[in-house]
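**Q** Structure incoming, see below.
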Number of protein chains: 4
Amino acid sequence: MIIVLKPNISKQDEMSVPKEIRKLGYRPHIMRGVARTVIGAIGDELTHQTLEALPTNFPRAVESVMPVQKRYKLVSREAHPSNSTVDVRGNLIGGKKFQVMAGPCSVESEKQLLTTAHAVKKAGATILRGGAFKPRTSPYEFQGLGLKGLKLLDKARRETGLGVITELLSEEHAEMVAEFTDIIQIGARNSQNFQLLIAAAKTGKPVLLKRGLSMRVEEWLLAGEYVLSNNNPNLLFCERGIRTFETYTRNTLDLSMIPIIKKESHSPIVIDPSQGAGRADLVMTMCKGAVAMGADALLIEVHPNPAEAWSDGAQQLTLDMFRRLMEELKAFIVAAGRE
Amino acid sequence: MIIVLKPNISKQDEMSVPKEIRKLGYRPHIMRGVARTVIGAIGDELTHQTLEALPTNFPRAVESVMPVQKRYKLVSREAHPSNSTVDVRGNLIGGKKFQVMAGPCSVESEKQLLTTAHAVKKAGATILRGGAFKPRTSPYEFQGLGLKGLKLLDKARRETGLGVITELLSEEHAEMVAEFTDIIQIGARNSQNFQLLIAAAKTGKPVLLKRGLSMRVEEWLLAGEYVLSNNNPNLLFCERGIRTFETYTRNTLDLSMIPIIKKESHSPIVIDPSQGAGRADLVMTMCKGAVAMGADALLIEVHPNPAEAWSDGAQQLTLDMFRRLMEELKAFIVAAGRE
Amino acid sequence: MIIVLKPNISKQDEMSVPKEIRKLGYRPHIMRGVARTVIGAIGDELTHQTLEALPTNFPRAVESVMPVQKRYKLVSREAHPSNSTVDVRGNLIGGKKFQVMAGPCSVESEKQLLTTAHAVKKAGATILRGGAFKPRTSPYEFQGLGLKGLKLLDKARRETGLGVITELLSEEHAEMVAEFTDIIQIGARNSQNFQLLIAAAKTGKPVLLKRGLSMRVEEWLLAGEYVLSNNNPNLLFCERGIRTFETYTRNTLDLSMIPIIKKESHSPIVIDPSQGAGRADLVMTMCKGAVAMGADALLIEVHPNPAEAWSDGAQQLTLDMFRRLMEELKAFIVAAGRE
Amino acid sequence: MIIVLKPNISKQDEMSVPKEIRKLGYRPHIMRGVARTVIGAIGDELTHQTLEALPTNFPRAVESVMPVQKRYKLVSREAHPSNSTVDVRGNLIGGKKFQVMAGPCSVESEKQLLTTAHAVKKAGATILRGGAFKPRTSPYEFQGLGLKGLKLLDKARRETGLGVITELLSEEHAEMVAEFTDIIQIGARNSQNFQLLIAAAKTGKPVLLKRGLSMRVEEWLLAGEYVLSNNNPNLLFCERGIRTFETYTRNTLDLSMIPIIKKESHSPIVIDPSQGAGRADLVMTMCKGAVAMGADALLIEVHPNPAEAWSDGAQQLTLDMFRRLMEELKAFIVAAGRE
């Protein structure tokens, strides 16, 4: 930690700070500058968090405290310099091959799900998405088919050979959901529901962790650290749009997370443009950007008839739009050096 | 719902819209304006959410869709024009008397908790706060004493007669936490963890619902609706600061929520300035603003020795600062017409 | 405009609203729904703005007012369905050929500018950027070479045949700057400095309008409308990153503006990844995304020795990085169907 | 500056950094910690800004650079420990007496302005506000009466003895506006229009500087530094609401700026709740919070008939609401220790 002292303080006030630093288990190192004196507190910041109270407790002496060390370990590229890959029924996410996950926002019926599954497979997707438990802003909206939805996903998986990804909403469902899915999705609203992250990690299934609506990079990496530190190395980061002042789109899809996650971490990065754009007509363009910038996979909402979808109809592609999208993406996948 | 059509569309495109509206269960009402034609879709919006996909499915005809009806019911002032009050061991929150909840961020030890409890009671607080389960951004930080912390809260409650508020992090702990507390706190990071909200509501204890870091008013009211629609009328809204571009403070405390919640809802509004400011020296001023603007209660972090607190030391008041604050607040409480 | 009434209001309160609407020059059209009564106010919204005060003046009757009509005209795609192009010394921006503008943040010296100009031209850029007047957050930072800088830009233009773009900071300099540049740049901090926009428009030179730090799409389009409505059709929109809660990058580059501006307007869209990323190592990846998503041009900061740049060193590419970038972009330009 | 090195770098990479630091005019001071080596660069940061490019130019060695010194001088409380006051026709802003500035958003007519002026004076205001030049988002909206409006303000000033505040939009109008006003207002959209700030400062009139829509505290203080460093000590900071994700209110009024500006600067702080709330019914409550938290003055929009205002009708108080507000504020002014 770096402790910045106020200018023109008394000798006594100045001396109180290194004394406190020592008491809290660090070794102080004093450095006198032109405008400010700065004290380095030498010690492991991960285990000593208490210096942040210095400005409160020594208000006459201490101006600010700045951390130096990174707060995450296992998730960092320092800890694991090469890229990690996550194996989903033989499809590697994070490898040379670009992967596409597609399917409806909510599982609604056998017909809806199987029609979609066959269509997205034919167009080139390798993993089927579909929500059986839905976190809805209002208690009066459709909350998902639950176990019945999970069983339909399993059926689609067996019929098509696609992998399956579905969202986990409750610790109590962790084992049940893990039985029917290949990837457990943690939604944006639960991205700092640490109990749920731990429960998901403990199932041993790969965990796709969406970025929270107002989550900073460090917080996202630390949420990922909850998965890795619970002995589950199969983590996928998924950017799905953040909340900003802009209201034209539902969220602001932050594609800069692709190079940033690649720089800070070894885990793959997935882009979900459907939630980000909130409008089908923007989704297709967003996908091209994601591919060009080096994303490892896409997660796309597709529905046979978005007009009659039970949730989020506005942002789901039709089967035909999806097929066309997959055609158009090919040139960008090649340009990005992927397959 | 109001559906705005694009200008200069063909008769056929225009006619497709009322047809679809009827199919989805609404009655269309066409209104031709100078620059746009607008269609009102008459029906209960709470049960028909699907019109939002119209711009996707009728891209040549439909420009935008605007909801007219409010999405929340039980929580709204329309449903309950007079103020609700929540009774906590005989102390009414939302009534004439202004209430103060105070205590440490985390329960750390019997001595720390009881010292604080006696001091805040003497200064005029009626409810003791203290975290036994702590949601921490990093898995390497102190996660709370758990059951041991709950038992200490219970002991402090019996010794002092103060009510107790503590945070619930996991559905699985709902019954256990309810046994030892008078108010269940739902933290900002779990404000849209709907399973947790339902579990908390079902214990029958009053629920204090913090506003999420980037939660809009409507979303907050709808999260509260999850509590009320699960047969628990004892809801408290708590503003604790939102995430903005500003980095000087930890969060931006949005005091405008006091008049806004009073206008939209009948449930009491509590202000937590400690999380908002992130700095003890700002907390005291924030409290005065909250009182003057008509808040029903304050939730304040107080610690006998913030420098050695196990979490969030920078924002906790000392016992002496708290005593002084309570003195200074008196004039504002009177000016606001409270006791 | 759509006026939403409150539920359960008296007949007299309800009747006051259409009366007021008529008084303000609109024709009221009443529509009774299940939960709310809605009144359409029929008339030209562009010339009648006063309905927004209805909730204040009729607080018992009016819940909210929603505009229906778009507030911009000349800049909209409705007004001009085909793409506009802007001709800069024979290079068309917005046409089939993808354009690159590159150069230093600030013009510092003849050697620095000419070295850069020759290098970026060789790598494929067609327009030279360089600031002669610099808007600096602090009054103690380098404010640009002024007229001397403009003359250096002119010299570089004559030597290389590149077009020139430079920023205008003051109405008083509009004529002078126009003499030495091919495109006038309006910076993010001046994006709603309407006097400056008008002065720039009146020079007749093409105007590149950066998006403000917290500018919504509608506000940006309306700022562009200030240019077009002052008889200057040569407008370029330039996304350079918005301010969000994220602090990892200097700004959040919002690439979704590419399809959105293409949809709403006919004017070309340029991406400035340097300001957005604030870090040279991210700039290169951002450029690939921008090309793939259909941007018409890039605006990139390049410096022979960023370590010794007089402003914004962290985000400028070296000449070698720029050359490599231009190579890498080729495949994406082809994939996007451009030249 | 503090330069944080990457872990596990080669001796040669490490040595390159202090060498560069010396070259740029600083003295390096090396400090080896547990997880990172940190180098202090000792020298005056105000005149040496170039270290920020180190992570770009030494990507293998440098992780990040953190400034230590504050970037503002004259505006800081360090430079001037006691409170500054600004004298407006004998009314001191920043002194013991609480001041209220009130009047219409736009000057519309002699009758409208004089009616308002007399009414606000009678209710206790000492300064009259009114816009003669209006910055409007759309070119099709009312842009103000210009010189005619200034003359009406002057007339109202002579008739009532009130001071006058009005907005400056263009450098070219600085002298003209200064002739008719007692305080020059710089609006939020021009808060980093540095040429305008300099022109305003040079008139010698007090300058009220509104916070930009997404302006951080440091940027605001530095914008104020442009006024003070141009030999004008009469600066007023004015918080008027920032842009956040929340859409319920027009802006989010950030009342925490009251204690923050008081802590960082000696200049007075004024609160404008009208722009912040965007709704008259919230303005009154905001004012009470501002007074309680120690603001030096309020700036309030008041109109004889908001329903027919030519701009921003929704947020203007009626004369009667203003009179009632002034009554209700009295108790809070006393409680805050003001007159």
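Identifiers in the structure tokens: chain A, B, ... in order shown; residue index from 1 per chain; ligand index from 1 in order shown.
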Each residue of chain D with at least one atom at most 10 Å from chain B should appear once, together with its nearest atom pair and the corresponding distance in Å (one decimal); atoms considered: only C-alpha atoms; ordering: chain, then increasing residue number; output as a tab-separated table.
**A**
```
residue	atom	partner	partner_atom	distance
D:Ser214	CA	B:Phe245	CA	6.9
D:Met215	CA	B:Glu246	CA	7.6
D:Arg216	CA	B:Glu246	CA	5.4
D:Val217	CA	B:Tyr248	CA	6.7
D:Glu218	CA	B:Tyr248	CA	8.4
D:Ile242	CA	B:Thr244	CA	9.0
D:Arg243	CA	B:Thr244	CA	8.3
D:Thr244	CA	B:Thr244	CA	6.1
D:Phe245	CA	B:Ser214	CA	6.9
D:Glu246	CA	B:Arg216	CA	5.4
D:Thr247	CA	B:Arg216	CA	7.2
D:Tyr248	CA	B:Val217	CA	6.7
D:Thr249	CA	B:Ser256	CA	8.6
D:Thr252	CA	B:Asp254	CA	6.9
D:Leu253	CA	B:Ser256	CA	7.2
D:Asp254	CA	B:Asp254	CA	6.8
D:Leu255	CA	B:Leu255	CA	7.5
D:Ser256	CA	B:Met286	CA	6.9
D:Met257	CA	B:Thr252	CA	9.8
D:Ile258	CA	B:Thr285	CA	8.7
D:Pro259	CA	B:Leu282	CA	6.5
D:Ile260	CA	B:Leu282	CA	7.7
D:Lys263	CA	B:Leu282	CA	9.6
D:Gly276	CA	B:Ser256	CA	9.3
D:Ala277	CA	B:Ser256	CA	7.8
D:Asp281	CA	B:Pro259	CA	8.8
D:Leu282	CA	B:Pro259	CA	6.5
D:Val283	CA	B:Ser256	CA	9.4
D:Met284	CA	B:Met293	CA	9.2
D:Thr285	CA	B:Met293	CA	5.5
D:Met286	CA	B:Met293	CA	6.8
D:Cys287	CA	B:Met293	CA	8.4
D:Lys288	CA	B:Ala292	CA	5.7
D:Gly289	CA	B:Gly289	CA	4.2
D:Ala290	CA	B:Gly289	CA	6.7
D:Val291	CA	B:Gly289	CA	7.9
D:Ala292	CA	B:Gly289	CA	5.4
D:Met293	CA	B:Gly289	CA	5.3
D:Gly294	CA	B:Thr285	CA	8.0
D:Glu328	CA	B:Ala335	CA	8.9
D:Leu329	CA	B:Ala335	CA	9.0
D:Lys330	CA	B:Ala335	CA	8.9
D:Ala331	CA	B:Ala335	CA	5.4
D:Phe332	CA	B:Ala335	CA	6.0
D:Ile333	CA	B:Ala335	CA	9.5
D:Val334	CA	B:Ala331	CA	8.7
D:Ala335	CA	B:Ala331	CA	5.4
D:Ala336	CA	B:Phe332	CA	8.0
```
**Q** What lies within 7 Å of Gly146 (chain D) using only C-alpha atoms, ignoring chain neighbours under 4 positions off, as a PyMOL selection string?
**A** chain D and resi 132-133+150
**Q** Kindly save the residues from that selection, with N, CA, C and O atoms included, as a PDB file, in the first residue's frame.
**A**
```pdb
ATOM      1  N   ALA D 132     -31.108  34.982 -20.685  1.00  0.00           N
ATOM      2  CA  ALA D 132     -31.313  35.776 -21.894  1.00  0.00           C
ATOM      3  C   ALA D 132     -30.755  35.023 -23.104  1.00  0.00           C
ATOM      4  O   ALA D 132     -31.251  35.166 -24.223  1.00  0.00           O
ATOM      5  N   PHE D 133     -29.722  34.243 -22.874  1.00  0.00           N
ATOM      6  CA  PHE D 133     -29.191  33.346 -23.913  1.00  0.00           C
ATOM      7  C   PHE D 133     -29.369  31.930 -23.398  1.00  0.00           C
ATOM      8  O   PHE D 133     -28.887  31.600 -22.318  1.00  0.00           O
ATOM      9  N   LEU D 150     -31.344  40.871 -21.577  1.00  0.00           N
ATOM     10  CA  LEU D 150     -30.382  41.476 -20.647  1.00  0.00           C
ATOM     11  C   LEU D 150     -30.907  42.815 -20.144  1.00  0.00           C
ATOM     12  O   LEU D 150     -30.792  43.140 -18.958  1.00  0.00           O
TER      13      LEU D 150
END
```
**Q** Pick out the residues sitting within 12 Å of Leu196 (chain C), and hand them over as number ranges by chain; count only C-alpha atoms, and ignore anything fewer than 2 positions along from it in its own chain.
**A** C: 167-175, 184-187, 189-194, 198-203, 207, 209, 223, 226-227, 230; D: 135, 169-172, 190, 193, 195-196
**Q** Can you tell me, as number ranges by chain, which residues in region 80-253 of chain B count as strand (DSSP E) by DSSP?
**A** B: 86-88, 91-93, 99-103, 127-129, 163-167, 183-186, 207-210, 235-239
**Q** Rounded to one decimal, what separation in Å do you get between CA of Lys96 (chain A) and CA of Val164 (chain A)?
**A** 20.6 Å
**Q** Could you write out, as a PyMOL selection string, all the residues of region 125-262 of chain A that DSSP marks as alpha helix (DSSP H)?
**A** chain A and resi 147-160+174-180+194-202+217-228+257-262
**Q** Please identify every residue of region 179-230 of chain B that has at least one atom no farther than 10 Å from an atom of region 152-156 of chain B, counting only C-alpha atoms, and for each give the shortest atom pair and the distance in Å to one decimal, arranged by chain then increasing number, as a Markdown table.
**A**
```
| residue | atom | partner | partner_atom | distance |
| --- | --- | --- | --- | --- |
| B:Glu179 | CA | B:Asp154 | CA | 9.0 |
| B:Phe180 | CA | B:Asp154 | CA | 5.6 |
| B:Thr181 | CA | B:Asp154 | CA | 7.2 |
| B:Asp182 | CA | B:Asp154 | CA | 9.8 |
```
**Q** Please produce a file of those selected residues containing all heavy atoms, as a PDB file, in the first residue's frame.
**A**
```pdb
ATOM      1  N   GLU B 179     -34.443 -16.256  13.255  1.00  0.00           N
ATOM      2  CA  GLU B 179     -34.551 -16.579  14.677  1.00  0.00           C
ATOM      3  C   GLU B 179     -33.847 -15.547  15.557  1.00  0.00           C
ATOM      4  O   GLU B 179     -34.234 -15.313  16.695  1.00  0.00           O
ATOM      5  CB  GLU B 179     -33.926 -17.967  14.881  1.00  0.00           C
ATOM      6  CG  GLU B 179     -34.276 -18.620  16.194  1.00  0.00           C
ATOM      7  CD  GLU B 179     -33.568 -19.969  16.306  1.00  0.00           C
ATOM      8  OE1 GLU B 179     -33.366 -20.644  15.257  1.00  0.00           O
ATOM      9  OE2 GLU B 179     -33.176 -20.328  17.424  1.00  0.00           O
ATOM     10  N   PHE B 180     -32.772 -14.946  15.035  1.00  0.00           N
ATOM     11  CA  PHE B 180     -31.938 -14.074  15.864  1.00  0.00           C
ATOM     12  C   PHE B 180     -32.077 -12.588  15.552  1.00  0.00           C
ATOM     13  O   PHE B 180     -31.398 -11.773  16.157  1.00  0.00           O
ATOM     14  CB  PHE B 180     -30.463 -14.464  15.699  1.00  0.00           C
ATOM     15  CG  PHE B 180     -30.136 -15.837  16.197  1.00  0.00           C
ATOM     16  CD1 PHE B 180     -29.961 -16.893  15.315  1.00  0.00           C
ATOM     17  CD2 PHE B 180     -30.028 -16.072  17.569  1.00  0.00           C
ATOM     18  CE1 PHE B 180     -29.660 -18.178  15.789  1.00  0.00           C
ATOM     19  CE2 PHE B 180     -29.728 -17.350  18.043  1.00  0.00           C
ATOM     20  CZ  PHE B 180     -29.546 -18.403  17.144  1.00  0.00           C
ATOM     21  N   THR B 181     -32.912 -12.251  14.575  1.00  0.00           N
ATOM     22  CA  THR B 181     -32.966 -10.841  14.186  1.00  0.00           C
ATOM     23  C   THR B 181     -34.393 -10.324  14.177  1.00  0.00           C
ATOM     24  O   THR B 181     -35.346 -11.115  14.117  1.00  0.00           O
ATOM     25  CB  THR B 181     -32.321 -10.643  12.790  1.00  0.00           C
ATOM     26  OG1 THR B 181     -32.065  -9.249  12.596  1.00  0.00           O
ATOM     27  CG2 THR B 181     -33.246 -11.132  11.675  1.00  0.00           C
ATOM     28  N   ASP B 182     -34.527  -8.986  14.216  1.00  0.00           N
ATOM     29  CA  ASP B 182     -35.856  -8.376  14.129  1.00  0.00           C
ATOM     30  C   ASP B 182     -36.144  -7.852  12.732  1.00  0.00           C
ATOM     31  O   ASP B 182     -37.292  -7.689  12.346  1.00  0.00           O
ATOM     32  CB  ASP B 182     -35.959  -7.235  15.152  1.00  0.00           C
ATOM     33  CG  ASP B 182     -35.766  -7.758  16.568  1.00  0.00           C
ATOM     34  OD1 ASP B 182     -36.554  -8.612  16.991  1.00  0.00           O
ATOM     35  OD2 ASP B 182     -34.785  -7.346  17.223  1.00  0.00           O
TER      36      ASP B 182
END
```
**Q** One decimal, Å: what's the distance from CA of Asp296 (chain B) over to CA of Thr115 (chain B), could you say?
**A**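 Answer for the CA of Asp296 (chain B) to CA of Thr115 (chain B) separation: 26.0 Å.
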**Q** What does the distance between CA of Asp272 (chain B) and CA of Leu298 (chain B) come to in Å, to one decimal place?
**A** 5.9 Å
**Q** Residues near region 19-24 of chain C, anyone? I mean within 9 Å using only C-alpha atoms, not counting same-chain ones fewer than 2 positions away, as a CSV table (one decimal) with N, CA, C and O atoms, in the first residue's frame.
**A**
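The resulting file, out_8.csv, is reproduced below:
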```csv
chain,number,residue,atom,x,y,z
C,15,MET,N,-61.4,16.6,-17.1
C,15,MET,CA,-61.8,17.6,-18.2
C,15,MET,C,-60.8,18.7,-18.3
C,15,MET,O,-60.7,19.4,-19.4
C,16,SER,N,-60.1,19.1,-17.2
C,16,SER,CA,-59.2,20.2,-17.3
C,16,SER,C,-58.1,20.0,-18.3
C,16,SER,O,-57.5,20.9,-18.8
C,17,VAL,N,-57.7,18.7,-18.5
C,17,VAL,CA,-56.6,18.4,-19.4
C,17,VAL,C,-56.8,18.7,-20.9
C,17,VAL,O,-56.0,19.4,-21.5
C,26,TYR,N,-52.9,22.1,-29.5
C,26,TYR,CA,-53.0,20.8,-30.0
C,26,TYR,C,-54.5,20.4,-30.0
C,26,TYR,O,-55.3,21.0,-29.4
C,27,ARG,N,-54.8,19.3,-30.7
C,27,ARG,CA,-56.1,18.7,-30.7
C,27,ARG,C,-56.1,17.5,-29.8
C,27,ARG,O,-55.3,16.6,-30.1
C,28,PRO,N,-56.9,17.4,-28.8
C,28,PRO,CA,-56.9,16.2,-27.9
C,28,PRO,C,-57.7,15.1,-28.5
C,28,PRO,O,-58.7,15.3,-29.1
C,41,ALA,N,-52.2,14.2,-27.9
C,41,ALA,CA,-52.3,15.6,-28.3
C,41,ALA,C,-51.8,15.8,-29.7
C,41,ALA,O,-50.6,15.6,-29.9
C,48,HIS,N,-44.3,23.0,-30.6
C,48,HIS,CA,-45.1,23.1,-29.4
C,48,HIS,C,-44.4,22.3,-28.3
C,48,HIS,O,-44.6,21.1,-28.2
C,50,THR,N,-44.5,22.9,-24.9
C,50,THR,CA,-44.9,23.2,-23.5
C,50,THR,C,-45.7,22.2,-22.8
C,50,THR,O,-45.9,22.3,-21.6
C,51,LEU,N,-46.1,21.1,-23.4
C,51,LEU,CA,-46.9,20.1,-22.7
C,51,LEU,C,-46.2,19.4,-21.6
C,51,LEU,O,-46.8,18.9,-20.7
C,54,LEU,N,-47.3,19.8,-17.9
C,54,LEU,CA,-48.7,19.3,-17.5
C,54,LEU,C,-48.6,18.6,-16.1
C,54,LEU,O,-49.5,18.9,-15.3
D,308,GLU,N,-47.1,27.8,-19.1
D,308,GLU,CA,-46.9,28.5,-20.4
D,308,GLU,C,-45.5,29.0,-20.5
D,308,GLU,O,-45.2,29.9,-21.4
```
**Q** Do you know which residues are at most 12 Å from Arg323 (chain A) counting only C-alpha atoms, after dropping those on the same chain fewer than 5 positions away, and could you put them as a list in words?
**A**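 Counting only the stated atoms, we get Val100, Ala102, Thr116, His118, Ala119, Val120, Lys121, Lys122, Ala123, Gly124, Ala125, Met284, Ile300, Val302, His303, Pro304, Leu317, Thr318, Glu328, Leu329 and Lys330 of chain A.
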**Q** Selection from above, C-alpha atoms, as an mmCIF file, in the first residue's frame, can you write it?
**A**
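What ended up in selection36.cif:
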```
data_model
loop_
_atom_site.group_PDB
_atom_site.id
_atom_site.type_symbol
_atom_site.label_atom_id
_atom_site.label_comp_id
_atom_site.auth_asym_id
_atom_site.auth_seq_id
_atom_site.Cartn_x
_atom_site.Cartn_y
_atom_site.Cartn_z
ATOM 1 C CA VAL A 100 -21.541 -20.347 -30.957
ATOM 2 C CA ALA A 102 -27.731 -20.211 -29.387
ATOM 3 C CA THR A 116 -34.767 -24.153 -32.439
ATOM 4 C CA HIS A 118 -32.251 -28.459 -34.861
ATOM 5 C CA ALA A 119 -32.132 -25.127 -36.676
ATOM 6 C CA VAL A 120 -29.204 -23.672 -34.733
ATOM 7 C CA LYS A 121 -27.281 -26.922 -35.043
ATOM 8 C CA LYS A 122 -27.776 -26.914 -38.774
ATOM 9 C CA ALA A 123 -26.554 -23.326 -38.956
ATOM 10 C CA GLY A 124 -23.359 -24.212 -37.074
ATOM 11 C CA ALA A 125 -23.973 -23.718 -33.345
ATOM 12 C CA MET A 284 -26.075 -9.087 -35.917
ATOM 13 C CA ILE A 300 -27.201 -15.567 -28.932
ATOM 14 C CA VAL A 302 -32.864 -17.264 -31.159
ATOM 15 C CA HIS A 303 -36.592 -18.038 -31.261
ATOM 16 C CA PRO A 304 -38.832 -19.571 -33.950
ATOM 17 C CA LEU A 317 -33.356 -13.476 -33.706
ATOM 18 C CA THR A 318 -35.603 -15.552 -35.921
ATOM 19 C CA GLU A 328 -21.998 -13.514 -42.612
ATOM 20 C CA LEU A 329 -19.724 -14.249 -39.651
ATOM 21 C CA LYS A 330 -17.568 -16.696 -41.600
#
```
**Q** Could you name the residues that touch Asn234 (chain C) at 9 Å or less, counting only C-alpha atoms, but leaving out those on the same chain fewer than 4 positions away, as a list in words?
**A**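 Here the qualifying residues turn out to be Ser84, Thr85, Val86, Asp87, Ala201, Gly204, Lys205, Pro206, Val207, Leu208, Val227, Leu228 and Ser267 of chain C.
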**Q** Keeping only all heavy atoms, take the residues you just selected and write them out as a compact mmCIF listing (two decimals), in the first residue's frame.
**A**
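Contents of the output file selection-v1.txt:
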```
# COMPACT_ATOMS: atom_id res chain seq x y z
N SER C 84 -24.99 9.69 -46.95
CA SER C 84 -24.26 10.89 -47.37
C SER C 84 -22.77 10.56 -47.42
O SER C 84 -22.29 9.71 -46.68
CB SER C 84 -24.43 12.03 -46.37
OG SER C 84 -25.72 12.53 -46.41
N THR C 85 -22.05 11.25 -48.28
CA THR C 85 -20.60 11.14 -48.26
C THR C 85 -20.01 12.54 -48.09
O THR C 85 -20.62 13.53 -48.45
CB THR C 85 -20.05 10.53 -49.56
OG1 THR C 85 -20.54 11.33 -50.66
CG2 THR C 85 -20.50 9.09 -49.75
N VAL C 86 -18.81 12.57 -47.51
CA VAL C 86 -18.12 13.83 -47.30
C VAL C 86 -16.79 13.76 -48.05
O VAL C 86 -16.00 12.83 -47.85
CB VAL C 86 -17.89 14.07 -45.78
CG1 VAL C 86 -17.03 15.31 -45.55
CG2 VAL C 86 -19.24 14.21 -45.07
N ASP C 87 -16.59 14.72 -48.92
CA ASP C 87 -15.41 14.71 -49.79
C ASP C 87 -14.27 15.53 -49.17
O ASP C 87 -14.42 16.73 -48.92
CB ASP C 87 -15.80 15.32 -51.15
CG ASP C 87 -14.69 15.20 -52.19
OD1 ASP C 87 -13.51 15.09 -51.79
OD2 ASP C 87 -15.02 15.22 -53.39
N ALA C 201 -20.01 25.35 -38.53
CA ALA C 201 -20.86 25.07 -39.69
C ALA C 201 -20.74 26.18 -40.73
O ALA C 201 -20.66 25.92 -41.93
CB ALA C 201 -22.32 24.90 -39.24
N GLY C 204 -18.31 26.42 -43.72
CA GLY C 204 -18.51 25.61 -44.91
C GLY C 204 -17.62 24.37 -44.96
O GLY C 204 -17.82 23.49 -45.80
N LYS C 205 -16.67 24.26 -44.07
CA LYS C 205 -15.80 23.07 -44.03
C LYS C 205 -16.57 21.89 -43.42
O LYS C 205 -17.46 22.09 -42.59
CB LYS C 205 -14.59 23.36 -43.13
CG LYS C 205 -13.61 24.37 -43.69
CD LYS C 205 -12.70 23.72 -44.72
CE LYS C 205 -11.81 24.76 -45.38
NZ LYS C 205 -10.95 24.17 -46.41
N PRO C 206 -16.21 20.66 -43.80
CA PRO C 206 -16.80 19.50 -43.12
C PRO C 206 -16.55 19.58 -41.61
O PRO C 206 -15.48 20.03 -41.17
CB PRO C 206 -16.06 18.30 -43.73
CG PRO C 206 -15.60 18.78 -45.07
CD PRO C 206 -15.32 20.25 -44.90
N VAL C 207 -17.55 19.16 -40.83
CA VAL C 207 -17.46 19.20 -39.37
C VAL C 207 -17.51 17.78 -38.82
O VAL C 207 -18.45 17.04 -39.11
CB VAL C 207 -18.62 20.03 -38.78
CG1 VAL C 207 -18.59 20.00 -37.25
CG2 VAL C 207 -18.57 21.47 -39.28
N LEU C 208 -16.47 17.40 -38.06
CA LEU C 208 -16.48 16.11 -37.35
C LEU C 208 -16.90 16.40 -35.92
O LEU C 208 -16.22 17.11 -35.19
CB LEU C 208 -15.09 15.45 -37.40
CG LEU C 208 -14.99 14.12 -36.68
CD1 LEU C 208 -14.15 13.13 -37.51
CD2 LEU C 208 -14.40 14.26 -35.30
N VAL C 227 -25.54 21.71 -37.14
CA VAL C 227 -24.65 21.88 -38.31
C VAL C 227 -25.48 21.92 -39.59
O VAL C 227 -25.39 22.86 -40.38
CB VAL C 227 -23.60 20.74 -38.37
CG1 VAL C 227 -22.76 20.86 -39.64
CG2 VAL C 227 -22.71 20.78 -37.12
N LEU C 228 -26.32 20.90 -39.78
CA LEU C 228 -27.08 20.82 -41.02
C LEU C 228 -28.05 21.99 -41.18
O LEU C 228 -28.24 22.49 -42.29
CB LEU C 228 -27.84 19.49 -41.10
CG LEU C 228 -27.07 18.37 -41.82
CD1 LEU C 228 -25.80 17.99 -41.07
CD2 LEU C 228 -27.93 17.15 -42.04
N SER C 267 -25.52 10.46 -42.21
CA SER C 267 -24.14 10.98 -42.16
C SER C 267 -23.17 9.86 -41.76
O SER C 267 -23.54 8.94 -41.04
CB SER C 267 -24.06 12.12 -41.15
OG SER C 267 -24.79 13.23 -41.62
```
